[in-house]
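Enquirer: One structure is given below, represented as structure tokens, and several questions about it will come after.
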Protein chains: 2
Amino acid sequence: MGGEFGVPVTVPATVRALKLHKDLHVSLIGDQAQIDRALAECRIEKLRSRLDVVHTPHQVTDTDKPTAAIRARDRSSLFIAIQLVKTAKADACVSSGNTGALLLTGRHLLKTLPGIDRPAIVATIPGSSRGAYLLDVGANVDCQAEQLFQFAVMGSVLAESLNGQPRARVGLLNIGVEDFKGNEQVRRAATLLENCPAINYVGYVEGNALFDGAADVVVCDGFVGNVTIKSSAGVVNVINSIMRQRMNSNLLNRMASLLTLPLLHQLQERIDPARYNGASLLGLQGSIIKSHGNAREDGFLYAITRAVREAELGVPALIAEKVAGIMTASHLAARQS
Amino acid sequence: MGGEFGVPVTVPATVRALKLHKDLHVSLIGDQAQIDRALAECRIEKLRSRLDVVHTPHQVTDTDKPTAAIRARDRSSLFIAIQLVKTAKADACVSSGNTGALLLTGRHLLKTLPGIDRPAIVATIPGSSRGAYLLDVGANVDCQAEQLFQFAVMGSVLAESLNGQPRARVGLLNIGVEDFKGNEQVRRAATLLENCPAINYVGYVEGNALFDGAADVVVCDGFVGNVTIKSSAGVVNVINSIMRQRMNSNLLNRMASLLTLPLLHQLQERIDPARYNGASLLGLQGSIIKSHGNAREDGFLYAITRAVREAELGVPALIAEKVAGIMTASHLAARQS
């Protein structure tokens with residue numbers, strides 16, 4: 001039900017996902033009449049056996065406070081969807097709804113993994129050569145060094161499992177690369193990471209290096225991460241709008257713009273983090289994928305595919321395993337010293 | 001002496017500034033032999049009377065710790081330059097040297113203005129319609145609400161004096177526009193600003209709205225601001241490099257790129273905050289302008305011009321005046337209640 005477009009986007013995207021992933025089964029949770037209407041416009045005969053609808057008239061809107069989802073409890077589509085993950089009736093939940101409500105309900109129902117204090121939202125940052133994962137991008141406005149360290153562990157598990165990178169390079173977002181730069185939390189997190197052989201820590205990463213492939217995973221608090229992805233998207237929008245203004249000036253600029261706009265559109269899809277869809281909520285005992293609120297069919301399909309991959313790989317279990325390994329190692333190290 | 005290029009950039013830029021501003025007098029502080037060599041390559045006959053050189057062999061490099069400038073004291077070019085402002089022998093100091101050293105020496109010699117706890121670095125953010133000032137972009141990694149409030153006061157004075165905007169719109173950078181969003185410092189700063197009639201506070205501004213002209217002044221802590229301007233510059237660099245890659249693909253893309261690259265170069269100059277030169281250090285009892293380390297002649301000239309304007313307007317005095325006015329008003333309000 002969520003996002004800017006709701007069922008007219010999520011239902012056709014789901015049908016395409018069912019065609020793409022032959023083992024996939026999807027439960028659509030929301031208003032039955034609306035969903036049925038959207039399904040009637042798709043060719044779903046052969047897919048019907050892998051699709052069911054759970055009716056609920058209630059939904060949490062984007063302007064609701066996050067607590068609204070908990071208050072509405074098992075009547076809201078968001079709550080019911082996460083409940084399916086909790087009761088192991090679903091392997092993952094995909095939603096383009098209210099992020100705060102998704103996080104709060106996720107924590108409330110699924111709980112965090114052992115050794116993880118708080119879940120984080122991971123965004124995919126595209127780059128000129130290779131992409132990177134940035135976390136947290138909005139779940140935690142204040143983070144202690146221990147949380148940043150946990151984000152580093154979770155991010156490296158994601159990069160190593162999803163992308164098959166054997167030793168994902170992890171960096172800390174900072175205002176400079178020298179040791180003395182940054183705030184206390186970041187400097188303490190650096191010490192924790194330097195002393196953890198299970199993490200391939202590569203040091204501080206500055207804002208401009210974020211898109212350079214300087215690291216596979218970049219860690220920061222949710223305030224910094226959120227402002228970073230949104231301002232990056234803002235820059236792309238400005239370039240686009242200036243390009244359009246130029247369209248109406250002289251003939252040469254008009255030609256340049258006409259030839260360039262399709263190219264720029266491709267670039268925007270590659271660079272604009274808001275369009276690069278499917279942000280994982282990491283650190284919970286279950287998979288939740290947040291699709292961007294203004295995602296269209298392609299974007300929502302991408303988010304479902306991301307959920308399928310995380311479920312197949314069992315990302316939450318992999319994180320729990322890595323955390324346990326690090327804890328055992330540091331326990332042993334402490335005993336030996 | 002500072003920056004990536006040193007005297008071969010700063011000296012010719014100074015000569016151009018002297019030609020541009022007929023009342024300007026410049027003292028160049030640094031290695032006399034190097035400066036003389038660079039001056040010999042410029043036509044300066046008529047300008048010689050408005051130019052003097054203060055010789056010092058010592059300079060603080062970009063890799064030195066900020067405290068190095070204080071330790072070297074009156075032997076370093078950076079220290080001597082700020083000393084000239086302190087002793088009223090100069091109205092402003094322009095440097096493309098070590099930012100940390102500039103800040104520390106500025107605070108040490110000039111002191112902050114009454115009512116201002118810490119100086120802030122202001123960057124100019126270009127936008128699709130109009131620009132904005134963003135502060136702090138790196139001087140203070142941790143900021144309490146009171147400091148953010150002071151940044152808002154300083155930023156509005158800058159926008160109102162430099163750009164002649166009667167009631168500069170001030171926003172707080174945040175991860176959402178709803179009241180409950182953000183960290184405690186930002187929410188408390190919002191309350192302080194809402195209760196201050198002398199500031200035209202317009203609310204929270206998200207990262208994407210930063211380039212939309214949503215506010216004339218946007219306030220954040222130095223960690224967030226630094227990462228924001230650097231990552232924005234990073235996005236522009238990525239677009240540029242992808243555009244260049246395309247140059248070598250098919251003929252149509254090649255044509256598009258050839259027509260677009262000059263356009264993109266203009267855009268980059270307009271959008272890339274690193275190129276938009278001349279960051280003011282606000283809040284000190286004197287004007288210091290930080291030129292970007294990789295600025296070329298045009299950039300350094302721009303920074304000198306900015307210093308001339310701030311000196312002519314008397315920006316530090318205007319800030320002191322506004323702070324005093326706000327303090328008196330809140331004092332009166334407290335007595336009346």
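Ligands are numbered from 1 in the order shown, chains are lettered A, B, ... in the order of the structure tokens, and residues start at 1 in each chain.
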When you get a sec, could you note down which chain A residues fall within 7 Å of chain B, using only C-alpha atoms, as a VMD selection string?
Expert: chain A and resid 127 to 128 141 to 142 175 182 to 183 206 to 211 223 to 224 226 to 228 230 to 235 238 241 to 242 256 259 to 260
Enquirer: Give the strand (DSSP E or B) residues of stretch 172-333 of chain A, as DSSP finds them on the backbone, and put them as a ChimeraX atom specification.
Expert: /A:172-173,200-205,217-219,279-282,284,287-290
Enquirer: I'd like to know which residues of stretch 143-209 of chain B are helix (DSSP H, G or I) (by DSSP, run on the backbone); could you write them as a compact mmCIF listing (two decimals) with all heavy atoms, in the first residue's frame?
Expert:
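Result file result-v1.txt:
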```txt
# COMPACT_ATOMS: atom_id res chain seq x y z
N ALA B 145 23.33 23.20 20.70
CA ALA B 145 22.28 24.04 20.11
C ALA B 145 22.69 25.52 20.10
O ALA B 145 22.42 26.23 19.13
CB ALA B 145 20.99 23.85 20.88
N GLU B 146 23.35 25.97 21.18
CA GLU B 146 23.73 27.39 21.28
C GLU B 146 24.69 27.78 20.16
O GLU B 146 24.60 28.86 19.59
CB GLU B 146 24.39 27.68 22.64
CG GLU B 146 23.42 27.69 23.82
CD GLU B 146 22.89 26.31 24.19
OE1 GLU B 146 23.54 25.30 23.83
OE2 GLU B 146 21.82 26.23 24.82
N GLN B 147 25.64 26.85 19.84
CA GLN B 147 26.56 27.14 18.75
C GLN B 147 25.83 27.20 17.41
O GLN B 147 26.07 28.07 16.60
CB GLN B 147 27.67 26.08 18.65
CG GLN B 147 28.90 26.43 19.45
CD GLN B 147 29.01 25.55 20.66
OE1 GLN B 147 28.87 24.33 20.56
NE2 GLN B 147 29.27 26.12 21.80
N LEU B 148 24.91 26.26 17.18
CA LEU B 148 24.15 26.26 15.93
C LEU B 148 23.37 27.57 15.81
O LEU B 148 23.28 28.17 14.73
CB LEU B 148 23.21 25.05 15.88
CG LEU B 148 23.88 23.67 15.85
CD1 LEU B 148 22.84 22.56 15.93
CD2 LEU B 148 24.72 23.48 14.59
N PHE B 149 22.81 28.02 16.93
CA PHE B 149 22.09 29.30 16.95
C PHE B 149 23.02 30.44 16.56
O PHE B 149 22.68 31.30 15.74
CB PHE B 149 21.48 29.54 18.34
CG PHE B 149 20.82 30.88 18.48
CD1 PHE B 149 19.55 31.09 17.96
CD2 PHE B 149 21.49 31.93 19.10
CE1 PHE B 149 18.94 32.34 18.08
CE2 PHE B 149 20.88 33.18 19.21
CZ PHE B 149 19.60 33.38 18.70
N GLN B 150 24.23 30.44 17.14
CA GLN B 150 25.20 31.49 16.81
C GLN B 150 25.59 31.45 15.32
O GLN B 150 25.78 32.48 14.68
CB GLN B 150 26.44 31.36 17.69
CG GLN B 150 26.16 31.69 19.16
CD GLN B 150 27.24 31.17 20.10
OE1 GLN B 150 28.32 30.77 19.67
NE2 GLN B 150 26.95 31.20 21.39
N PHE B 151 25.71 30.24 14.77
CA PHE B 151 26.02 30.11 13.34
C PHE B 151 24.91 30.75 12.51
O PHE B 151 25.15 31.39 11.49
CB PHE B 151 26.16 28.63 12.92
CG PHE B 151 27.29 27.89 13.59
CD1 PHE B 151 27.37 26.51 13.49
CD2 PHE B 151 28.26 28.57 14.31
CE1 PHE B 151 28.40 25.81 14.10
CE2 PHE B 151 29.31 27.88 14.93
CZ PHE B 151 29.37 26.50 14.82
N ALA B 152 23.66 30.54 12.95
CA ALA B 152 22.51 31.11 12.24
C ALA B 152 22.59 32.64 12.23
O ALA B 152 22.35 33.28 11.21
CB ALA B 152 21.21 30.64 12.88
N VAL B 153 22.97 33.21 13.39
CA VAL B 153 23.10 34.67 13.49
C VAL B 153 24.19 35.15 12.53
O VAL B 153 23.99 36.06 11.72
CB VAL B 153 23.44 35.10 14.93
CG1 VAL B 153 23.69 36.60 15.00
CG2 VAL B 153 22.34 34.69 15.90
N MET B 154 25.36 34.49 12.57
CA MET B 154 26.49 34.91 11.74
C MET B 154 26.18 34.76 10.25
O MET B 154 26.47 35.63 9.45
CB MET B 154 27.74 34.10 12.11
CG MET B 154 28.16 34.27 13.57
SD MET B 154 29.83 33.70 13.92
CE MET B 154 29.68 31.93 13.75
N GLY B 155 25.55 33.64 9.90
CA GLY B 155 25.20 33.39 8.50
C GLY B 155 24.21 34.41 7.97
O GLY B 155 24.34 34.88 6.84
N SER B 156 23.24 34.79 8.81
CA SER B 156 22.25 35.75 8.32
C SER B 156 22.88 37.13 8.15
O SER B 156 22.55 37.85 7.21
CB SER B 156 21.01 35.78 9.23
OG SER B 156 21.35 36.22 10.51
N VAL B 157 23.82 37.48 9.02
CA VAL B 157 24.53 38.76 8.85
C VAL B 157 25.30 38.74 7.52
O VAL B 157 25.27 39.71 6.75
CB VAL B 157 25.51 39.03 10.02
CG1 VAL B 157 26.45 40.20 9.70
CG2 VAL B 157 24.74 39.30 11.31
N LEU B 158 25.96 37.63 7.23
CA LEU B 158 26.73 37.52 5.98
C LEU B 158 25.82 37.67 4.76
O LEU B 158 26.10 38.44 3.85
CB LEU B 158 27.46 36.17 5.93
CG LEU B 158 28.61 36.10 4.93
CD1 LEU B 158 29.77 36.97 5.36
CD2 LEU B 158 29.08 34.66 4.75
N ALA B 159 24.70 36.92 4.76
CA ALA B 159 23.78 36.98 3.61
C ALA B 159 23.16 38.36 3.47
O ALA B 159 23.03 38.89 2.36
CB ALA B 159 22.68 35.92 3.77
N GLU B 160 22.81 38.96 4.60
CA GLU B 160 22.17 40.28 4.55
C GLU B 160 23.13 41.37 4.13
O GLU B 160 22.76 42.29 3.39
CB GLU B 160 21.50 40.59 5.90
CG GLU B 160 20.24 39.76 6.10
CD GLU B 160 19.74 39.70 7.56
OE1 GLU B 160 20.28 40.44 8.40
OE2 GLU B 160 18.81 38.91 7.82
N SER B 161 24.40 41.28 4.55
CA SER B 161 25.36 42.32 4.19
C SER B 161 25.96 42.08 2.80
O SER B 161 25.88 42.94 1.92
CB SER B 161 26.46 42.44 5.24
OG SER B 161 27.15 41.23 5.38
N LEU B 162 26.50 40.88 2.55
CA LEU B 162 27.16 40.61 1.26
C LEU B 162 26.18 40.62 0.09
O LEU B 162 26.49 41.12 -0.97
CB LEU B 162 27.86 39.25 1.29
CG LEU B 162 29.30 39.15 1.81
CD1 LEU B 162 29.83 37.75 1.60
CD2 LEU B 162 30.22 40.16 1.14
N GLU B 184 19.04 15.87 19.24
CA GLU B 184 18.59 16.81 20.26
C GLU B 184 19.13 18.22 20.02
O GLU B 184 18.40 19.21 20.19
CB GLU B 184 19.05 16.30 21.63
CG GLU B 184 18.18 16.78 22.77
CD GLU B 184 18.93 16.73 24.09
OE1 GLU B 184 19.58 15.70 24.36
OE2 GLU B 184 18.87 17.73 24.84
N GLN B 185 20.41 18.30 19.60
CA GLN B 185 21.01 19.62 19.39
C GLN B 185 20.22 20.40 18.34
O GLN B 185 19.93 21.58 18.50
CB GLN B 185 22.45 19.51 18.89
CG GLN B 185 23.40 18.71 19.74
CD GLN B 185 23.44 17.25 19.37
OE1 GLN B 185 22.56 16.48 19.78
NE2 GLN B 185 24.45 16.83 18.60
N VAL B 186 19.88 19.72 17.22
CA VAL B 186 19.19 20.40 16.13
C VAL B 186 17.78 20.81 16.58
O VAL B 186 17.33 21.93 16.31
CB VAL B 186 19.14 19.49 14.88
CG1 VAL B 186 18.23 20.07 13.82
CG2 VAL B 186 20.55 19.31 14.32
N ARG B 187 17.10 19.92 17.30
CA ARG B 187 15.74 20.27 17.75
C ARG B 187 15.77 21.44 18.74
O ARG B 187 14.92 22.32 18.68
CB ARG B 187 15.06 19.04 18.37
CG ARG B 187 14.57 18.04 17.31
CD ARG B 187 13.57 17.07 17.90
NE ARG B 187 14.14 16.32 19.00
CZ ARG B 187 14.70 15.11 18.90
NH1 ARG B 187 14.74 14.50 17.73
NH2 ARG B 187 15.19 14.51 19.95
N ARG B 188 16.78 21.45 19.62
CA ARG B 188 16.88 22.56 20.57
C ARG B 188 17.25 23.86 19.85
O ARG B 188 16.73 24.93 20.19
CB ARG B 188 17.93 22.25 21.65
CG ARG B 188 17.35 21.40 22.80
CD ARG B 188 18.35 21.33 23.96
NE ARG B 188 18.82 22.64 24.35
CZ ARG B 188 20.11 22.99 24.51
NH1 ARG B 188 21.07 22.10 24.34
NH2 ARG B 188 20.45 24.22 24.84
N ALA B 189 18.11 23.76 18.83
CA ALA B 189 18.46 24.95 18.06
C ALA B 189 17.22 25.51 17.36
O ALA B 189 17.04 26.73 17.26
CB ALA B 189 19.55 24.63 17.04
N ALA B 190 16.34 24.61 16.90
CA ALA B 190 15.10 25.05 16.24
C ALA B 190 14.26 25.88 17.20
O ALA B 190 13.73 26.94 16.83
CB ALA B 190 14.31 23.84 15.74
N THR B 191 14.17 25.42 18.46
CA THR B 191 13.40 26.17 19.45
C THR B 191 14.02 27.55 19.69
O THR B 191 13.30 28.56 19.74
CB THR B 191 13.35 25.39 20.78
OG1 THR B 191 12.90 24.06 20.49
CG2 THR B 191 12.40 26.03 21.77
N LEU B 192 15.34 27.60 19.83
CA LEU B 192 16.02 28.89 20.03
C LEU B 192 15.73 29.84 18.87
O LEU B 192 15.47 31.02 19.07
CB LEU B 192 17.54 28.68 20.16
CG LEU B 192 18.05 27.93 21.40
CD1 LEU B 192 19.56 27.72 21.32
CD2 LEU B 192 17.71 28.71 22.68
N LEU B 193 15.77 29.30 17.64
CA LEU B 193 15.58 30.14 16.45
C LEU B 193 14.13 30.60 16.31
O LEU B 193 13.85 31.74 15.94
CB LEU B 193 16.03 29.39 15.19
CG LEU B 193 17.55 29.23 15.06
CD1 LEU B 193 17.90 28.21 13.98
CD2 LEU B 193 18.21 30.56 14.76
N GLU B 194 13.19 29.69 16.64
CA GLU B 194 11.76 30.06 16.58
C GLU B 194 11.45 31.21 17.52
O GLU B 194 10.57 32.03 17.24
CB GLU B 194 10.90 28.84 16.95
CG GLU B 194 10.70 27.87 15.80
CD GLU B 194 10.31 26.48 16.29
OE1 GLU B 194 10.08 26.30 17.50
OE2 GLU B 194 10.24 25.57 15.44
N GLY B 207 18.80 17.47 2.86
CA GLY B 207 19.95 17.50 1.97
C GLY B 207 19.61 17.85 0.53
O GLY B 207 20.29 18.66 -0.10
N ASN B 208 18.54 17.27 0.00
CA ASN B 208 18.19 17.52 -1.40
C ASN B 208 17.72 18.95 -1.63
O ASN B 208 17.87 19.49 -2.73
CB ASN B 208 17.15 16.52 -1.91
CG ASN B 208 16.01 16.32 -0.93
OD1 ASN B 208 16.22 16.33 0.29
ND2 ASN B 208 14.82 16.16 -1.44
N ALA B 209 17.15 19.60 -0.58
CA ALA B 209 16.64 20.97 -0.73
C ALA B 209 17.74 22.01 -0.63
O ALA B 209 17.53 23.18 -0.92
CB ALA B 209 15.56 21.23 0.31
```
Enquirer: Given only C-alpha atoms as the basis, pick out the residue of B:Ala17, B:Ser249, B:Pro197, B:Pro66 nearest to B:Arg306.
Expert: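 Of B:Ala17, B:Ser249, B:Pro197, B:Pro66, the one nearest B:Arg306 is B:Ala17, counting only C-alpha atoms.
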Enquirer: Which of these, A:Thr112, A:Leu103, A:Cys196, A:Gly278, has the shortest distance to A:His331 once you count only C-alpha atoms?
Expert: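 Looking only at the distances to A:His331, the closest residue turns out to be A:Cys196.
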Enquirer: Can you list, as a list in words, every protein, DNA or RNA residue that comes within 12 Å of B:Asp64 when you count only C-alpha atoms, leaving out same-chain residues fewer than 2 positions away?
Expert: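 Once the adjacent positions are removed, what remains is Glu178 and Phe180 of chain A; Gln59, Val60, Thr61, Asp62, Pro66, Thr67, Ala68, Ala69, Ile70, Arg71, Ala72, Gly97, Asn98, Thr99, Gly100, Ala101 and Leu102 of chain B.
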Enquirer: Filtering to C-alpha atoms, could you give me those residues as a PDB file, in the first residue's frame?
Expert:
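Once written, part-v5.pdb looks like this:
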```
ATOM      1  CA  GLU A 178      44.583  12.182   9.271  1.00  0.00           C
ATOM      2  CA  PHE A 180      43.400  13.342  14.612  1.00  0.00           C
TER       3      PHE A 180
ATOM      4  CA  GLN B  59      55.594  28.122   6.533  1.00  0.00           C
ATOM      5  CA  VAL B  60      53.034  25.735   7.984  1.00  0.00           C
ATOM      6  CA  THR B  61      52.315  22.918   5.526  1.00  0.00           C
ATOM      7  CA  ASP B  62      48.999  21.144   4.984  1.00  0.00           C
ATOM      8  CA  PRO B  66      47.260  22.841  13.522  1.00  0.00           C
ATOM      9  CA  THR B  67      49.313  23.465  16.675  1.00  0.00           C
ATOM     10  CA  ALA B  68      52.469  23.744  14.525  1.00  0.00           C
ATOM     11  CA  ALA B  69      51.447  27.301  13.574  1.00  0.00           C
ATOM     12  CA  ILE B  70      51.243  28.357  17.211  1.00  0.00           C
ATOM     13  CA  ARG B  71      54.524  26.629  18.039  1.00  0.00           C
ATOM     14  CA  ALA B  72      56.328  28.345  15.145  1.00  0.00           C
ATOM     15  CA  GLY B  97      47.039  27.250   3.726  1.00  0.00           C
ATOM     16  CA  ASN B  98      46.291  24.710   6.455  1.00  0.00           C
ATOM     17  CA  THR B  99      42.668  25.275   7.555  1.00  0.00           C
ATOM     18  CA  GLY B 100      43.156  23.868  11.047  1.00  0.00           C
ATOM     19  CA  ALA B 101      46.203  26.069  11.638  1.00  0.00           C
ATOM     20  CA  LEU B 102      44.340  29.096  10.275  1.00  0.00           C
TER      21      LEU B 102
END
```
Enquirer: Any idea what's packed within 12 Å of stretch 47-52 of chain B, counting only C-alpha atoms, ignoring anything in its chain fewer than 2 positions away? Could you give it as a ChimeraX atom specification?
Expert: /B:11,14-30,32,35-36,39-40,42-45,54-55,90
Enquirer: Could you turn the residues from that selection into a file that holds N, CA and C atoms, as a JSON list (two decimals), in the first residue's frame?
Expert:
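The result, stored in part03.json:
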```json
[["chain", "number", "residue", "atom", "x", "y", "z"],
["B", 11, "VAL", "N", 50.61, 35.06, -6.18],
["B", 11, "VAL", "CA", 51.18, 36.36, -6.58],
["B", 11, "VAL", "C", 50.48, 36.95, -7.81],
["B", 14, "THR", "N", 47.14, 38.19, -6.84],
["B", 14, "THR", "CA", 47.22, 39.44, -6.07],
["B", 14, "THR", "C", 47.39, 40.64, -6.99],
["B", 15, "VAL", "N", 48.26, 40.49, -7.99],
["B", 15, "VAL", "CA", 48.48, 41.58, -8.95],
["B", 15, "VAL", "C", 47.18, 41.93, -9.67],
["B", 16, "ARG", "N", 46.42, 40.89, -10.05],
["B", 16, "ARG", "CA", 45.13, 41.15, -10.70],
["B", 16, "ARG", "C", 44.16, 41.84, -9.74],
["B", 17, "ALA", "N", 44.20, 41.45, -8.47],
["B", 17, "ALA", "CA", 43.31, 42.07, -7.47],
["B", 17, "ALA", "C", 43.64, 43.55, -7.30],
["B", 18, "LEU", "N", 44.94, 43.87, -7.33],
["B", 18, "LEU", "CA", 45.36, 45.28, -7.19],
["B", 18, "LEU", "C", 44.86, 46.12, -8.36],
["B", 19, "LYS", "N", 44.84, 45.50, -9.55],
["B", 19, "LYS", "CA", 44.34, 46.22, -10.73],
["B", 19, "LYS", "C", 42.83, 46.42, -10.63],
["B", 20, "LEU", "N", 42.15, 45.44, -10.04],
["B", 20, "LEU", "CA", 40.68, 45.44, -9.95],
["B", 20, "LEU", "C", 40.18, 46.39, -8.87],
["B", 21, "HIS", "N", 40.87, 46.40, -7.74],
["B", 21, "HIS", "CA", 40.42, 47.21, -6.59],
["B", 21, "HIS", "C", 41.41, 48.34, -6.37],
["B", 22, "LYS", "N", 41.04, 49.53, -6.78],
["B", 22, "LYS", "CA", 41.98, 50.66, -6.82],
["B", 22, "LYS", "C", 42.42, 51.13, -5.43],
["B", 23, "ASP", "N", 41.63, 50.82, -4.39],
["B", 23, "ASP", "CA", 42.00, 51.26, -3.04],
["B", 23, "ASP", "C", 42.70, 50.16, -2.23],
["B", 24, "LEU", "N", 42.88, 49.03, -2.86],
["B", 24, "LEU", "CA", 43.44, 47.87, -2.14],
["B", 24, "LEU", "C", 44.95, 48.00, -1.93],
["B", 25, "HIS", "N", 45.38, 47.67, -0.72],
["B", 25, "HIS", "CA", 46.80, 47.54, -0.44],
["B", 25, "HIS", "C", 47.05, 46.10, 0.05],
["B", 26, "VAL", "N", 48.08, 45.44, -0.49],
["B", 26, "VAL", "CA", 48.32, 44.05, -0.12],
["B", 26, "VAL", "C", 49.72, 43.86, 0.47],
["B", 27, "SER", "N", 49.79, 43.13, 1.58],
["B", 27, "SER", "CA", 51.07, 42.67, 2.11],
["B", 27, "SER", "C", 51.20, 41.19, 1.80],
["B", 28, "LEU", "N", 52.24, 40.81, 1.10],
["B", 28, "LEU", "CA", 52.48, 39.39, 0.81],
["B", 28, "LEU", "C", 53.46, 38.87, 1.84],
["B", 29, "ILE", "N", 53.07, 37.81, 2.57],
["B", 29, "ILE", "CA", 53.95, 37.29, 3.61],
["B", 29, "ILE", "C", 54.49, 35.94, 3.21],
["B", 30, "GLY", "N", 55.81, 35.82, 3.13],
["B", 30, "GLY", "CA", 56.39, 34.55, 2.75],
["B", 30, "GLY", "C", 57.84, 34.69, 2.35],
["B", 32, "GLN", "N", 60.77, 35.81, 0.48],
["B", 32, "GLN", "CA", 61.00, 36.99, -0.36],
["B", 32, "GLN", "C", 61.52, 36.62, -1.76],
["B", 35, "ILE", "N", 58.74, 35.15, -3.90],
["B", 35, "ILE", "CA", 57.73, 36.17, -4.22],
["B", 35, "ILE", "C", 58.28, 37.14, -5.26],
["B", 36, "ASP", "N", 59.53, 37.57, -5.07],
["B", 36, "ASP", "CA", 60.15, 38.49, -6.04],
["B", 36, "ASP", "C", 60.21, 37.88, -7.43],
["B", 39, "LEU", "N", 56.79, 38.03, -8.85],
["B", 39, "LEU", "CA", 56.42, 39.42, -9.16],
["B", 39, "LEU", "C", 57.12, 39.90, -10.43],
["B", 40, "ALA", "N", 58.34, 39.41, -10.65],
["B", 40, "ALA", "CA", 59.12, 39.83, -11.82],
["B", 40, "ALA", "C", 58.42, 39.44, -13.11],
["B", 42, "CYS", "N", 55.21, 39.60, -13.55],
["B", 42, "CYS", "CA", 53.97, 40.38, -13.71],
["B", 42, "CYS", "C", 54.33, 41.83, -14.02],
["B", 43, "ARG", "N", 53.41, 42.55, -14.65],
["B", 43, "ARG", "CA", 53.63, 43.99, -14.88],
["B", 43, "ARG", "C", 53.06, 44.72, -13.67],
["B", 44, "ILE", "N", 53.94, 45.24, -12.82],
["B", 44, "ILE", "CA", 53.43, 45.80, -11.57],
["B", 44, "ILE", "C", 53.87, 47.24, -11.31],
["B", 45, "GLU", "N", 54.55, 47.85, -12.31],
["B", 45, "GLU", "CA", 55.14, 49.18, -12.08],
["B", 45, "GLU", "C", 54.24, 50.10, -11.24],
["B", 54, "VAL", "N", 56.54, 40.91, 3.23],
["B", 54, "VAL", "CA", 57.10, 40.63, 4.56],
["B", 54, "VAL", "C", 57.79, 39.28, 4.47],
["B", 55, "HIS", "N", 59.10, 39.28, 4.60],
["B", 55, "HIS", "CA", 59.84, 38.04, 4.42],
["B", 55, "HIS", "C", 59.80, 37.13, 5.65],
["B", 90, "ALA", "N", 46.23, 45.26, 8.90],
["B", 90, "ALA", "CA", 45.49, 44.72, 7.75],
["B", 90, "ALA", "C", 44.02, 44.62, 8.16]]
```
Enquirer: Using only C-alpha atoms, which of the listed residues (A:Arg309, A:Lys89, A:Lys46, A:Arg107) sits closest to A:Ala139?
Expert: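 Once distances to A:Ala139 are computed over only C-alpha atoms, the minimum belongs to A:Arg107.
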